[in-house]
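Text of work.pdb (PDB, C-alpha atoms (C1' of nucleotides)) as supplied:
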```pdb
MODEL        1
ATOM      1  CA  MET B   1      -1.472  -3.463   8.130  1.00  0.00           C
ATOM      2  CA  ASP B   2       0.473  -1.292  10.506  1.00  0.00           C
ATOM      3  CA  GLN B   3      -0.596   2.335  10.168  1.00  0.00           C
ATOM      4  CA  VAL B   4       2.927   3.610  10.747  1.00  0.00           C
ATOM      5  CA  GLU B   5       4.169   1.570   7.789  1.00  0.00           C
ATOM      6  CA  ILE B   6       1.534   3.118   5.556  1.00  0.00           C
ATOM      7  CA  PHE B   7       2.566   6.646   6.488  1.00  0.00           C
ATOM      8  CA  LYS B   8       6.256   5.794   6.156  1.00  0.00           C
ATOM      9  CA  ALA B   9       5.575   4.569   2.653  1.00  0.00           C
ATOM     10  CA  LEU B  10       4.023   7.945   1.897  1.00  0.00           C
ATOM     11  CA  SER B  11       6.871   9.915   3.498  1.00  0.00           C
ATOM     12  CA  ASN B  12       8.882  10.261   0.330  1.00  0.00           C
ATOM     13  CA  LYS B  13       8.468  12.637  -2.572  1.00  0.00           C
ATOM     14  CA  THR B  14       9.134  10.051  -5.252  1.00  0.00           C
ATOM     15  CA  ARG B  15       6.781   7.468  -3.786  1.00  0.00           C
ATOM     16  CA  LEU B  16       3.997  10.041  -3.504  1.00  0.00           C
ATOM     17  CA  GLN B  17       4.639  11.016  -7.086  1.00  0.00           C
ATOM     18  CA  ILE B  18       4.439   7.418  -8.277  1.00  0.00           C
ATOM     19  CA  LEU B  19       1.066   6.971  -6.599  1.00  0.00           C
ATOM     20  CA  ASN B  20      -0.117  10.171  -8.189  1.00  0.00           C
ATOM     21  CA  TRP B  21       1.117   9.104 -11.634  1.00  0.00           C
ATOM     22  CA  LEU B  22      -0.724   5.824 -11.290  1.00  0.00           C
ATOM     23  CA  LYS B  23      -3.998   7.718 -10.946  1.00  0.00           C
ATOM     24  CA  ALA B  24      -3.781   8.556 -14.651  1.00  0.00           C
ATOM     25  CA  PRO B  25      -1.484   5.974 -16.242  1.00  0.00           C
ATOM     26  CA  ALA B  26      -2.522   6.657 -19.812  1.00  0.00           C
ATOM     27  CA  GLU B  27      -1.536  10.304 -19.544  1.00  0.00           C
ATOM     28  CA  ASN B  28       1.586   9.748 -17.484  1.00  0.00           C
ATOM     29  CA  PHE B  29       2.983   6.735 -19.304  1.00  0.00           C
ATOM     30  CA  PRO B  30       2.053   7.219 -22.956  1.00  0.00           C
ATOM     31  CA  ASP B  31       5.114   5.286 -24.108  1.00  0.00           C
ATOM     32  CA  GLN B  32       4.266   1.968 -22.541  1.00  0.00           C
ATOM     33  CA  PRO B  33       3.831  -0.616 -25.292  1.00  0.00           C
ATOM     34  CA  ASN B  34       0.836  -2.963 -25.176  1.00  0.00           C
ATOM     35  CA  ALA B  35      -0.578  -0.936 -22.358  1.00  0.00           C
ATOM     36  CA  ASP B  36      -3.260  -2.597 -20.293  1.00  0.00           C
ATOM     37  CA  PHE B  37      -3.488   0.051 -17.621  1.00  0.00           C
ATOM     38  CA  GLU B  38      -6.846  -1.078 -16.290  1.00  0.00           C
ATOM     39  CA  ASN B  39      -5.943  -4.659 -15.605  1.00  0.00           C
ATOM     40  CA  VAL B  40      -2.298  -4.658 -14.727  1.00  0.00           C
ATOM     41  CA  GLY B  41      -0.944  -1.123 -14.578  1.00  0.00           C
ATOM     42  CA  VAL B  42       2.478   0.224 -15.449  1.00  0.00           C
ATOM     43  CA  CYS B  43       5.739  -1.679 -15.574  1.00  0.00           C
ATOM     44  CA  VAL B  44       8.714  -0.915 -13.364  1.00  0.00           C
ATOM     45  CA  GLY B  45      10.934   0.296 -16.177  1.00  0.00           C
ATOM     46  CA  GLN B  46       8.499   2.996 -17.266  1.00  0.00           C
ATOM     47  CA  ILE B  47       8.166   4.252 -13.732  1.00  0.00           C
ATOM     48  CA  GLN B  48      11.916   4.183 -13.276  1.00  0.00           C
ATOM     49  CA  VAL B  49      12.599   6.296 -16.339  1.00  0.00           C
ATOM     50  CA  LYS B  50       9.976   8.834 -15.370  1.00  0.00           C
ATOM     51  CA  ALA B  51      11.205   9.048 -11.783  1.00  0.00           C
ATOM     52  CA  GLY B  52      14.838   9.418 -12.822  1.00  0.00           C
ATOM     53  CA  LEU B  53      16.212   7.302  -9.997  1.00  0.00           C
ATOM     54  CA  SER B  54      18.098   4.027 -10.247  1.00  0.00           C
ATOM     55  CA  GLN B  55      16.381   0.767 -11.117  1.00  0.00           C
ATOM     56  CA  SER B  56      17.114  -0.728  -7.734  1.00  0.00           C
ATOM     57  CA  THR B  57      15.709   2.272  -5.910  1.00  0.00           C
ATOM     58  CA  ILE B  58      12.450   2.233  -7.833  1.00  0.00           C
ATOM     59  CA  SER B  59      12.050  -1.507  -7.436  1.00  0.00           C
ATOM     60  CA  GLU B  60      12.527  -1.046  -3.703  1.00  0.00           C
ATOM     61  CA  TYR B  61      10.097   1.868  -3.579  1.00  0.00           C
ATOM     62  CA  LEU B  62       7.429  -0.120  -5.367  1.00  0.00           C
ATOM     63  CA  SER B  63       7.778  -2.956  -2.938  1.00  0.00           C
ATOM     64  CA  ILE B  64       7.465  -0.524  -0.026  1.00  0.00           C
ATOM     65  CA  LEU B  65       4.249   0.793  -1.547  1.00  0.00           C
ATOM     66  CA  GLN B  66       3.063  -2.751  -2.095  1.00  0.00           C
ATOM     67  CA  ARG B  67       3.771  -3.814   1.494  1.00  0.00           C
ATOM     68  CA  ALA B  68       1.676  -0.855   2.604  1.00  0.00           C
ATOM     69  CA  ASP B  69      -1.188  -2.062   0.372  1.00  0.00           C
ATOM     70  CA  LEU B  70      -1.049   1.123  -1.632  1.00  0.00           C
ATOM     71  CA  VAL B  71      -0.275  -0.563  -4.947  1.00  0.00           C
ATOM     72  CA  CYS B  72      -0.582  -4.097  -6.264  1.00  0.00           C
ATOM     73  CA  ALA B  73       1.695  -5.984  -8.604  1.00  0.00           C
ATOM     74  CA  THR B  74       1.067  -8.376 -11.473  1.00  0.00           C
ATOM     75  CA  ARG B  75       3.820 -10.319 -13.132  1.00  0.00           C
ATOM     76  CA  VAL B  76       3.377 -10.839 -16.884  1.00  0.00           C
ATOM     77  CA  GLY B  77       6.307 -12.532 -18.539  1.00  0.00           C
ATOM     78  CA  GLN B  78       9.437 -10.646 -17.642  1.00  0.00           C
ATOM     79  CA  TRP B  79       7.563  -7.544 -16.615  1.00  0.00           C
ATOM     80  CA  THR B  80       6.010  -6.592 -13.331  1.00  0.00           C
ATOM     81  CA  TYR B  81       3.144  -4.159 -13.598  1.00  0.00           C
ATOM     82  CA  TYR B  82       2.022  -2.001 -10.740  1.00  0.00           C
ATOM     83  CA  LYS B  83      -1.280  -0.235 -10.235  1.00  0.00           C
ATOM     84  CA  ARG B  84      -3.059   1.532  -7.419  1.00  0.00           C
ATOM     85  CA  ASN B  85      -4.617  -0.638  -4.737  1.00  0.00           C
ATOM     86  CA  LYS B  86      -8.040   0.887  -4.349  1.00  0.00           C
ATOM     87  CA  GLU B  87      -8.927  -1.081  -1.235  1.00  0.00           C
ATOM     88  CA  GLY B  88      -5.757  -0.014   0.553  1.00  0.00           C
ATOM     89  CA  LEU B  89      -6.276   3.596  -0.381  1.00  0.00           C
ATOM     90  CA  ALA B  90      -9.869   3.465   0.803  1.00  0.00           C
ATOM     91  CA  GLN B  91      -8.632   1.981   4.055  1.00  0.00           C
ATOM     92  CA  LEU B  92      -6.204   4.857   4.452  1.00  0.00           C
ATOM     93  CA  SER B  93      -8.927   7.395   3.875  1.00  0.00           C
ATOM     94  CA  LYS B  94     -10.968   5.667   6.539  1.00  0.00           C
ATOM     95  CA  ILE B  95      -8.117   5.821   9.047  1.00  0.00           C
ATOM     96  CA  ILE B  96      -7.680   9.538   8.499  1.00  0.00           C
ATOM     97  CA  ASN B  97     -11.349  10.253   8.873  1.00  0.00           C
ATOM     98  CA  SER B  98     -12.061   8.062  11.846  1.00  0.00           C
ATOM     99  CA  GLU B  99      -8.897   7.906  13.937  1.00  0.00           C
ATOM    100  CA  LEU B 100      -7.010  11.141  13.467  1.00  0.00           C
TER     101      LEU B 100
ATOM    102  CA  MET R   1       2.627  22.694   3.548  1.00  0.00           C
ATOM    103  CA  ASP R   2       4.818  20.027   2.089  1.00  0.00           C
ATOM    104  CA  GLN R   3       2.929  16.750   1.785  1.00  0.00           C
ATOM    105  CA  VAL R   4       5.997  14.713   2.643  1.00  0.00           C
ATOM    106  CA  GLU R   5       6.325  16.563   5.954  1.00  0.00           C
ATOM    107  CA  ILE R   6       2.744  15.740   6.820  1.00  0.00           C
ATOM    108  CA  PHE R   7       3.255  12.039   6.219  1.00  0.00           C
ATOM    109  CA  LYS R   8       6.568  12.052   8.080  1.00  0.00           C
ATOM    110  CA  ALA R   9       4.799  13.580  11.047  1.00  0.00           C
ATOM    111  CA  LEU R  10       2.373  10.666  10.938  1.00  0.00           C
ATOM    112  CA  SER R  11       5.115   8.045  10.550  1.00  0.00           C
ATOM    113  CA  ASN R  12       5.508   7.445  14.250  1.00  0.00           C
ATOM    114  CA  LYS R  13       3.414   5.345  16.599  1.00  0.00           C
ATOM    115  CA  THR R  14       3.480   7.855  19.456  1.00  0.00           C
ATOM    116  CA  ARG R  15       2.564  10.822  17.278  1.00  0.00           C
ATOM    117  CA  LEU R  16      -0.339   8.907  15.765  1.00  0.00           C
ATOM    118  CA  GLN R  17      -1.459   8.003  19.232  1.00  0.00           C
ATOM    119  CA  ILE R  18      -1.305  11.613  20.400  1.00  0.00           C
ATOM    120  CA  LEU R  19      -3.514  12.711  17.532  1.00  0.00           C
ATOM    121  CA  ASN R  20      -5.926   9.928  18.336  1.00  0.00           C
ATOM    122  CA  TRP R  21      -5.985  10.868  22.031  1.00  0.00           C
ATOM    123  CA  LEU R  22      -6.756  14.463  21.121  1.00  0.00           C
ATOM    124  CA  LYS R  23      -9.931  13.311  19.375  1.00  0.00           C
ATOM    125  CA  ALA R  24     -11.430  12.638  22.813  1.00  0.00           C
ATOM    126  CA  PRO R  25      -9.466  14.702  25.311  1.00  0.00           C
ATOM    127  CA  ALA R  26     -11.994  14.458  28.133  1.00  0.00           C
ATOM    128  CA  GLU R  27     -11.817  10.666  28.100  1.00  0.00           C
ATOM    129  CA  ASN R  28      -8.092  10.423  27.518  1.00  0.00           C
ATOM    130  CA  PHE R  29      -6.933  13.143  29.903  1.00  0.00           C
ATOM    131  CA  PRO R  30      -9.358  13.034  32.836  1.00  0.00           C
ATOM    132  CA  ASP R  31      -6.686  14.304  35.222  1.00  0.00           C
ATOM    133  CA  GLN R  32      -6.066  17.661  33.607  1.00  0.00           C
ATOM    134  CA  PRO R  33      -7.021  20.397  36.063  1.00  0.00           C
ATOM    135  CA  ASN R  34      -9.116  23.341  34.847  1.00  0.00           C
ATOM    136  CA  ALA R  35      -9.639  21.553  31.574  1.00  0.00           C
ATOM    137  CA  ASP R  36     -10.807  23.647  28.679  1.00  0.00           C
ATOM    138  CA  PHE R  37     -10.509  20.997  26.043  1.00  0.00           C
ATOM    139  CA  GLU R  38     -12.676  22.770  23.493  1.00  0.00           C
ATOM    140  CA  ASN R  39     -10.812  26.026  23.390  1.00  0.00           C
ATOM    141  CA  VAL R  40      -7.218  25.175  24.084  1.00  0.00           C
ATOM    142  CA  GLY R  41      -6.735  21.440  24.338  1.00  0.00           C
ATOM    143  CA  VAL R  42      -4.366  19.401  26.466  1.00  0.00           C
ATOM    144  CA  CYS R  43      -1.119  20.540  28.017  1.00  0.00           C
ATOM    145  CA  VAL R  44       2.260  19.024  27.173  1.00  0.00           C
ATOM    146  CA  GLY R  45       2.795  17.491  30.594  1.00  0.00           C
ATOM    147  CA  GLN R  46      -0.400  15.463  30.465  1.00  0.00           C
ATOM    148  CA  ILE R  47       0.473  14.136  27.049  1.00  0.00           C
ATOM    149  CA  GLN R  48       3.998  13.367  28.175  1.00  0.00           C
ATOM    150  CA  VAL R  49       2.876  11.293  31.149  1.00  0.00           C
ATOM    151  CA  LYS R  50       0.396   9.354  29.064  1.00  0.00           C
ATOM    152  CA  ALA R  51       2.901   8.697  26.283  1.00  0.00           C
ATOM    153  CA  GLY R  52       5.620   7.574  28.689  1.00  0.00           C
ATOM    154  CA  LEU R  53       8.478   9.207  26.773  1.00  0.00           C
ATOM    155  CA  SER R  54      10.746  12.001  27.950  1.00  0.00           C
ATOM    156  CA  GLN R  55       9.582  15.595  28.206  1.00  0.00           C
ATOM    157  CA  SER R  56      11.955  16.743  25.497  1.00  0.00           C
ATOM    158  CA  THR R  57      10.802  14.048  23.113  1.00  0.00           C
ATOM    159  CA  ILE R  58       7.140  14.884  23.529  1.00  0.00           C
ATOM    160  CA  SER R  59       7.780  18.598  23.180  1.00  0.00           C
ATOM    161  CA  GLU R  60       9.625  17.864  19.957  1.00  0.00           C
ATOM    162  CA  TYR R  61       6.862  15.553  18.706  1.00  0.00           C
ATOM    163  CA  LEU R  62       4.219  18.176  19.332  1.00  0.00           C
ATOM    164  CA  SER R  63       6.156  20.715  17.382  1.00  0.00           C
ATOM    165  CA  ILE R  64       6.526  18.264  14.499  1.00  0.00           C
ATOM    166  CA  LEU R  65       2.758  17.782  14.506  1.00  0.00           C
ATOM    167  CA  GLN R  66       2.280  21.514  14.674  1.00  0.00           C
ATOM    168  CA  ARG R  67       4.615  22.213  11.756  1.00  0.00           C
ATOM    169  CA  ALA R  68       2.539  19.743   9.742  1.00  0.00           C
ATOM    170  CA  ASP R  69      -0.630  21.654  10.657  1.00  0.00           C
ATOM    171  CA  LEU R  70      -2.043  18.626  12.396  1.00  0.00           C
ATOM    172  CA  VAL R  71      -2.347  20.274  15.814  1.00  0.00           C
ATOM    173  CA  CYS R  72      -2.361  23.831  17.049  1.00  0.00           C
ATOM    174  CA  ALA R  73      -0.888  25.283  20.206  1.00  0.00           C
ATOM    175  CA  THR R  74      -2.092  27.890  22.662  1.00  0.00           C
ATOM    176  CA  ARG R  75       0.089  29.260  25.401  1.00  0.00           C
ATOM    177  CA  VAL R  76      -1.730  30.040  28.648  1.00  0.00           C
ATOM    178  CA  GLY R  77       0.528  31.118  31.455  1.00  0.00           C
ATOM    179  CA  GLN R  78       3.261  28.556  31.858  1.00  0.00           C
ATOM    180  CA  TRP R  79       1.353  25.895  30.001  1.00  0.00           C
ATOM    181  CA  THR R  80       1.128  25.166  26.315  1.00  0.00           C
ATOM    182  CA  TYR R  81      -2.056  23.434  25.267  1.00  0.00           C
ATOM    183  CA  TYR R  82      -2.359  21.449  22.100  1.00  0.00           C
ATOM    184  CA  LYS R  83      -5.473  20.429  20.226  1.00  0.00           C
ATOM    185  CA  ARG R  84      -6.278  18.954  16.836  1.00  0.00           C
ATOM    186  CA  ASN R  85      -6.072  21.276  13.852  1.00  0.00           C
ATOM    187  CA  LYS R  86      -9.288  20.524  12.015  1.00  0.00           C
ATOM    188  CA  GLU R  87      -8.364  22.484   8.912  1.00  0.00           C
ATOM    189  CA  GLY R  88      -5.067  20.666   8.532  1.00  0.00           C
ATOM    190  CA  LEU R  89      -6.703  17.298   9.010  1.00  0.00           C
ATOM    191  CA  ALA R  90      -9.365  18.161   6.454  1.00  0.00           C
ATOM    192  CA  GLN R  91      -6.608  19.175   4.067  1.00  0.00           C
ATOM    193  CA  LEU R  92      -4.938  15.823   4.581  1.00  0.00           C
ATOM    194  CA  SER R  93      -8.148  13.980   3.865  1.00  0.00           C
ATOM    195  CA  LYS R  94      -8.472  15.981   0.680  1.00  0.00           C
ATOM    196  CA  ILE R  95      -4.954  15.079  -0.428  1.00  0.00           C
ATOM    197  CA  ILE R  96      -5.618  11.395   0.061  1.00  0.00           C
ATOM    198  CA  ASN R  97      -8.873  11.491  -1.827  1.00  0.00           C
ATOM    199  CA  SER R  98      -7.778  13.635  -4.707  1.00  0.00           C
ATOM    200  CA  GLU R  99      -4.107  12.997  -5.310  1.00  0.00           C
ATOM    201  CA  LEU R 100      -3.331   9.445  -4.270  1.00  0.00           C
TER     202      LEU R 100
ATOM    203  C1'  DT U   1      21.798 -23.977 -23.714  1.00  0.00           C
ATOM    204  C1'  DT U   2      23.377 -19.464 -24.458  1.00  0.00           C
ATOM    205  C1'  DG U   3      22.513 -14.879 -24.286  1.00  0.00           C
ATOM    206  C1'  DG U   4      19.458 -10.851 -23.555  1.00  0.00           C
ATOM    207  C1'  DT U   5      16.169  -8.102 -20.983  1.00  0.00           C
ATOM    208  C1'  DA U   6      13.313  -6.945 -16.734  1.00  0.00           C
ATOM    209  C1'  DT U   7      13.056  -7.025 -12.022  1.00  0.00           C
ATOM    210  C1'  DA U   8      14.593  -8.122  -7.301  1.00  0.00           C
ATOM    211  C1'  DT U   9      17.892  -8.385  -3.731  1.00  0.00           C
ATOM    212  C1'  DC U  10      22.277  -7.311  -1.350  1.00  0.00           C
ATOM    213  C1'  DG U  11      25.845  -4.406   0.782  1.00  0.00           C
ATOM    214  C1'  DG U  12      27.182   0.035   1.854  1.00  0.00           C
ATOM    215  C1'  DG U  13      27.929   5.107   2.708  1.00  0.00           C
ATOM    216  C1'  DA U  14      25.531   9.427   3.654  1.00  0.00           C
ATOM    217  C1'  DA U  15      21.701  11.770   5.573  1.00  0.00           C
ATOM    218  C1'  DA U  16      17.697  11.985   8.556  1.00  0.00           C
ATOM    219  C1'  DA U  17      14.841  10.586  12.509  1.00  0.00           C
ATOM    220  C1'  DG U  18      14.259   8.727  17.345  1.00  0.00           C
ATOM    221  C1'  DT U  19      15.227   9.554  21.810  1.00  0.00           C
ATOM    222  C1'  DC U  20      17.604  10.912  25.763  1.00  0.00           C
ATOM    223  C1'  DG U  21      19.666  14.055  29.578  1.00  0.00           C
ATOM    224  C1'  DA U  22      21.214  18.639  30.320  1.00  0.00           C
ATOM    225  C1'  DT U  23      20.300  23.256  29.885  1.00  0.00           C
ATOM    226  C1'  DA U  24      17.783  27.484  28.561  1.00  0.00           C
ATOM    227  C1'  DT U  25      13.612  30.234  28.596  1.00  0.00           C
ATOM    228  C1'  DA U  26       9.094  31.823  30.058  1.00  0.00           C
ATOM    229  C1'  DT U  27       5.879  32.406  33.468  1.00  0.00           C
ATOM    230  C1'  DA U  28       4.087  32.390  38.289  1.00  0.00           C
ATOM    231  C1'  DT U  29       4.624  32.841  43.295  1.00  0.00           C
ATOM    232  C1'  DT U  30       6.557  34.529  47.330  1.00  0.00           C
TER     233       DT U  30
ATOM    234  C1'  DA L   1      14.791  39.332  43.543  1.00  0.00           C
ATOM    235  C1'  DA L   2      14.706  34.420  44.358  1.00  0.00           C
ATOM    236  C1'  DT L   3      12.622  30.187  43.581  1.00  0.00           C
ATOM    237  C1'  DA L   4       9.613  26.838  41.439  1.00  0.00           C
ATOM    238  C1'  DT L   5       7.241  24.850  37.508  1.00  0.00           C
ATOM    239  C1'  DA L   6       6.204  24.038  32.460  1.00  0.00           C
ATOM    240  C1'  DT L   7       7.973  23.943  28.114  1.00  0.00           C
ATOM    241  C1'  DA L   8      11.547  24.477  24.508  1.00  0.00           C
ATOM    242  C1'  DT L   9      16.044  23.864  22.726  1.00  0.00           C
ATOM    243  C1'  DC L  10      20.704  21.747  22.432  1.00  0.00           C
ATOM    244  C1'  DG L  11      24.185  18.109  21.919  1.00  0.00           C
ATOM    245  C1'  DA L  12      24.928  13.413  21.500  1.00  0.00           C
ATOM    246  C1'  DC L  13      24.280   8.722  20.309  1.00  0.00           C
ATOM    247  C1'  DT L  14      21.663   5.010  18.015  1.00  0.00           C
ATOM    248  C1'  DT L  15      18.599   3.432  14.552  1.00  0.00           C
ATOM    249  C1'  DT L  16      16.358   4.060  10.206  1.00  0.00           C
ATOM    250  C1'  DT L  17      15.900   5.810   5.581  1.00  0.00           C
ATOM    251  C1'  DC L  18      17.754   7.249   1.086  1.00  0.00           C
ATOM    252  C1'  DC L  19      19.849   5.884  -2.821  1.00  0.00           C
ATOM    253  C1'  DC L  20      23.419   3.807  -5.298  1.00  0.00           C
ATOM    254  C1'  DG L  21      26.168   0.042  -7.928  1.00  0.00           C
ATOM    255  C1'  DA L  22      26.804  -4.801  -8.163  1.00  0.00           C
ATOM    256  C1'  DT L  23      24.867  -9.089  -8.376  1.00  0.00           C
ATOM    257  C1'  DA L  24      21.200 -12.571  -8.491  1.00  0.00           C
ATOM    258  C1'  DT L  25      16.940 -14.334 -10.361  1.00  0.00           C
ATOM    259  C1'  DA L  26      13.194 -14.932 -13.628  1.00  0.00           C
ATOM    260  C1'  DC L  27      11.718 -15.163 -18.055  1.00  0.00           C
ATOM    261  C1'  DC L  28      12.144 -15.041 -23.151  1.00  0.00           C
ATOM    262  C1'  DA L  29      14.226 -15.901 -27.765  1.00  0.00           C
ATOM    263  C1'  DA L  30      17.358 -17.989 -30.803  1.00  0.00           C
TER     264       DA L  30
ENDMDL
END
```
Will you turn the file into structure tokens for me?
Amino acid sequence: MDQVEIFKALSNKTRLQILNWLKAPAENFPDQPNADFENVGVCVGQIQVKAGLSQSTISEYLSILQRADLVCATRVGQWTYYKRNKEGLAQLSKIINSEL
Amino acid sequence: MDQVEIFKALSNKTRLQILNWLKAPAENFPDQPNADFENVGVCVGQIQVKAGLSQSTISEYLSILQRADLVCATRVGQWTYYKRNKEGLAQLSKIINSEL
DNA sequence: TTGGTATATCGGGAAAAGTCGATATATATT
DNA sequence: AATATATATCGACTTTTCCCGATATACCAA
């Protein structure tokens, strides 16, 4: 993964906030029905409402985070759930500590 | 310091490269005369030549990195020397590990 | 198969970033 | 004071990002 793309993905207040929310999904998304935060994460609609931006914007933002390996997606029926990508985040930490 | 500004500063191939070069100034800037890499760092001109972009662009890039607390500047005579800002980089590492 | 809901993609207008050459400023030398 | 060098700032143009509404696609239920 291109390092620049990772940092671009993080260069936006809302996207940073989403990643932060996904650290504690149960607290940040108490309204999600049938929540399976561990396995799949949080669905797009819940994130969209909390972020207060349009559906298309949040969908786009999530795919930017996904392309940067910062979150991963699971489709279940008509919902797409997103959660943190621990490997990608560990990789990022490694970059910071060893290359910068 | 605004987190978004830090990540924006890192969202550029040349700026990432500069930070990486400054990890090992003696190896990356062997031509700098009267080098005092430990105390002051590397001067703008050396970085500019190595990066291959215009003087104004590199000056601007260094100030973006400085505003993000990723490097610090020392003026000595007509030269400005830049080196890594260890505190800022440690702060960044902390953000990644605790908030994302 | 028709309709409803969730998400993704497309097209676009406004704002920001990338990058340059020209110019200004600060310092050093003569 | 005049000139030379290093760096910073300015103005402009191009490319990218932000964010939206509209539309398409995928899936579900009746």
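Between atom C1' of DG21 of chain U and atom CA of Gln55 of chain R the interatomic distance comes to 10.3 Å.
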Sorted by chain and rising residue number, list the residues of chain R at most 10 Å from chain B (counting all atoms listed in the file), each with its closest atom pair and distance in Å to one decimal, as a Markdown table.
```
| residue | atom | partner | partner_atom | distance |
| --- | --- | --- | --- | --- |
| R:Asp2 | CA | B:Lys13 | CA | 9.5 |
| R:Gln3 | CA | B:Ser11 | CA | 8.1 |
| R:Val4 | CA | B:Ser11 | CA | 5.0 |
| R:Glu5 | CA | B:Ser11 | CA | 7.1 |
| R:Ile6 | CA | B:Ser11 | CA | 7.9 |
| R:Phe7 | CA | B:Ser11 | CA | 5.0 |
| R:Lys8 | CA | B:Ser11 | CA | 5.1 |
| R:Ala9 | CA | B:Phe7 | CA | 8.6 |
| R:Leu10 | CA | B:Phe7 | CA | 6.0 |
| R:Ser11 | CA | B:Val4 | CA | 4.9 |
| R:Asn12 | CA | B:Val4 | CA | 5.8 |
| R:Lys13 | CA | B:Val4 | CA | 6.1 |
| R:Thr14 | CA | B:Val4 | CA | 9.7 |
| R:Arg15 | CA | B:Val4 | CA | 9.7 |
| R:Leu16 | CA | B:Leu100 | CA | 7.4 |
| R:Gln17 | CA | B:Leu100 | CA | 8.6 |
| R:Ile18 | CA | B:Leu100 | CA | 9.0 |
| R:Leu19 | CA | B:Leu100 | CA | 5.6 |
| R:Asn20 | CA | B:Leu100 | CA | 5.1 |
| R:Trp21 | CA | B:Leu100 | CA | 8.6 |
| R:Leu22 | CA | B:Leu100 | CA | 8.3 |
| R:Lys23 | CA | B:Leu100 | CA | 6.9 |
| R:Leu70 | CA | B:Leu100 | CA | 9.0 |
| R:Arg84 | CA | B:Leu100 | CA | 8.5 |
| R:Lys86 | CA | B:Leu100 | CA | 9.8 |
| R:Leu89 | CA | B:Leu100 | CA | 7.6 |
| R:Ala90 | CA | B:Asn97 | CA | 8.5 |
| R:Leu92 | CA | B:Ile96 | CA | 7.9 |
| R:Ser93 | CA | B:Ile96 | CA | 6.4 |
| R:Lys94 | CA | B:Ser93 | CA | 9.2 |
| R:Ile95 | CA | B:Ser93 | CA | 9.7 |
| R:Ile96 | CA | B:Ser93 | CA | 6.4 |
| R:Asn97 | CA | B:Ser93 | CA | 7.0 |
| R:Ser98 | CA | B:Asn20 | CA | 9.1 |
| R:Glu99 | CA | B:Asn20 | CA | 5.7 |
| R:Leu100 | CA | B:Asn20 | CA | 5.1 |
```
Residues of chain L that approach chain B to 7 Å or less, counting all atoms listed in the file: could you list each one with the shortest pair of atoms and its distance in Å to one decimal, rows by chain and increasing residue number, as a Markdown table?
```
| residue | atom | partner | partner_atom | distance |
| --- | --- | --- | --- | --- |
| L:DC19 | C1' | B:Thr57 | CA | 6.3 |
| L:DA26 | C1' | B:Gln78 | CA | 7.0 |
| L:DC27 | C1' | B:Gln78 | CA | 5.1 |
```
Within 8 Å of chain R, which residues of chain U show up? Give each one with its shortest atom-to-atom distance in Å (one decimal) and the two atoms involved, counting all atoms listed in the file, rows by chain then rising residue number, as CSV.
```
residue,atom,partner,partner_atom,distance
U:DT19,C1',R:Thr57,CA,6.4
U:DC20,C1',R:Ser54,CA,7.3
U:DA26,C1',R:Gln78,CA,6.9
U:DT27,C1',R:Gln78,CA,4.9
U:DA28,C1',R:Gln78,CA,7.5
```
Checklist entry - Which distance in Å separates atom CA of Val42 of chain B and atom C1' of DA22 of chain L, to one decimal? => result 25.9 Å
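Of note, atom CA of Tyr82 of chain R and atom CA of Val44 of chain R are spaced 7.3 Å apart.
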Applied to this file, what does the PyMOL selection byres ((chain U and resi 24) around 9) return in terms of residues, put as an mmCIF file with C-alpha atoms (C1' of nucleotides), in the frame of the given file?
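So the final result, stored in selection_5.cif, reads:
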```cif
data_model
loop_
_atom_site.group_PDB
_atom_site.id
_atom_site.type_symbol
_atom_site.label_atom_id
_atom_site.label_comp_id
_atom_site.auth_asym_id
_atom_site.auth_seq_id
_atom_site.Cartn_x
_atom_site.Cartn_y
_atom_site.Cartn_z
ATOM 1 C "C1'" DT U 23 20.300 23.256 29.885
ATOM 2 C "C1'" DT U 25 13.612 30.234 28.596
ATOM 3 C "C1'" DA L 8 11.547 24.477 24.508
ATOM 4 C "C1'" DT L 9 16.044 23.864 22.726
ATOM 5 C "C1'" DC L 10 20.704 21.747 22.432
#
```
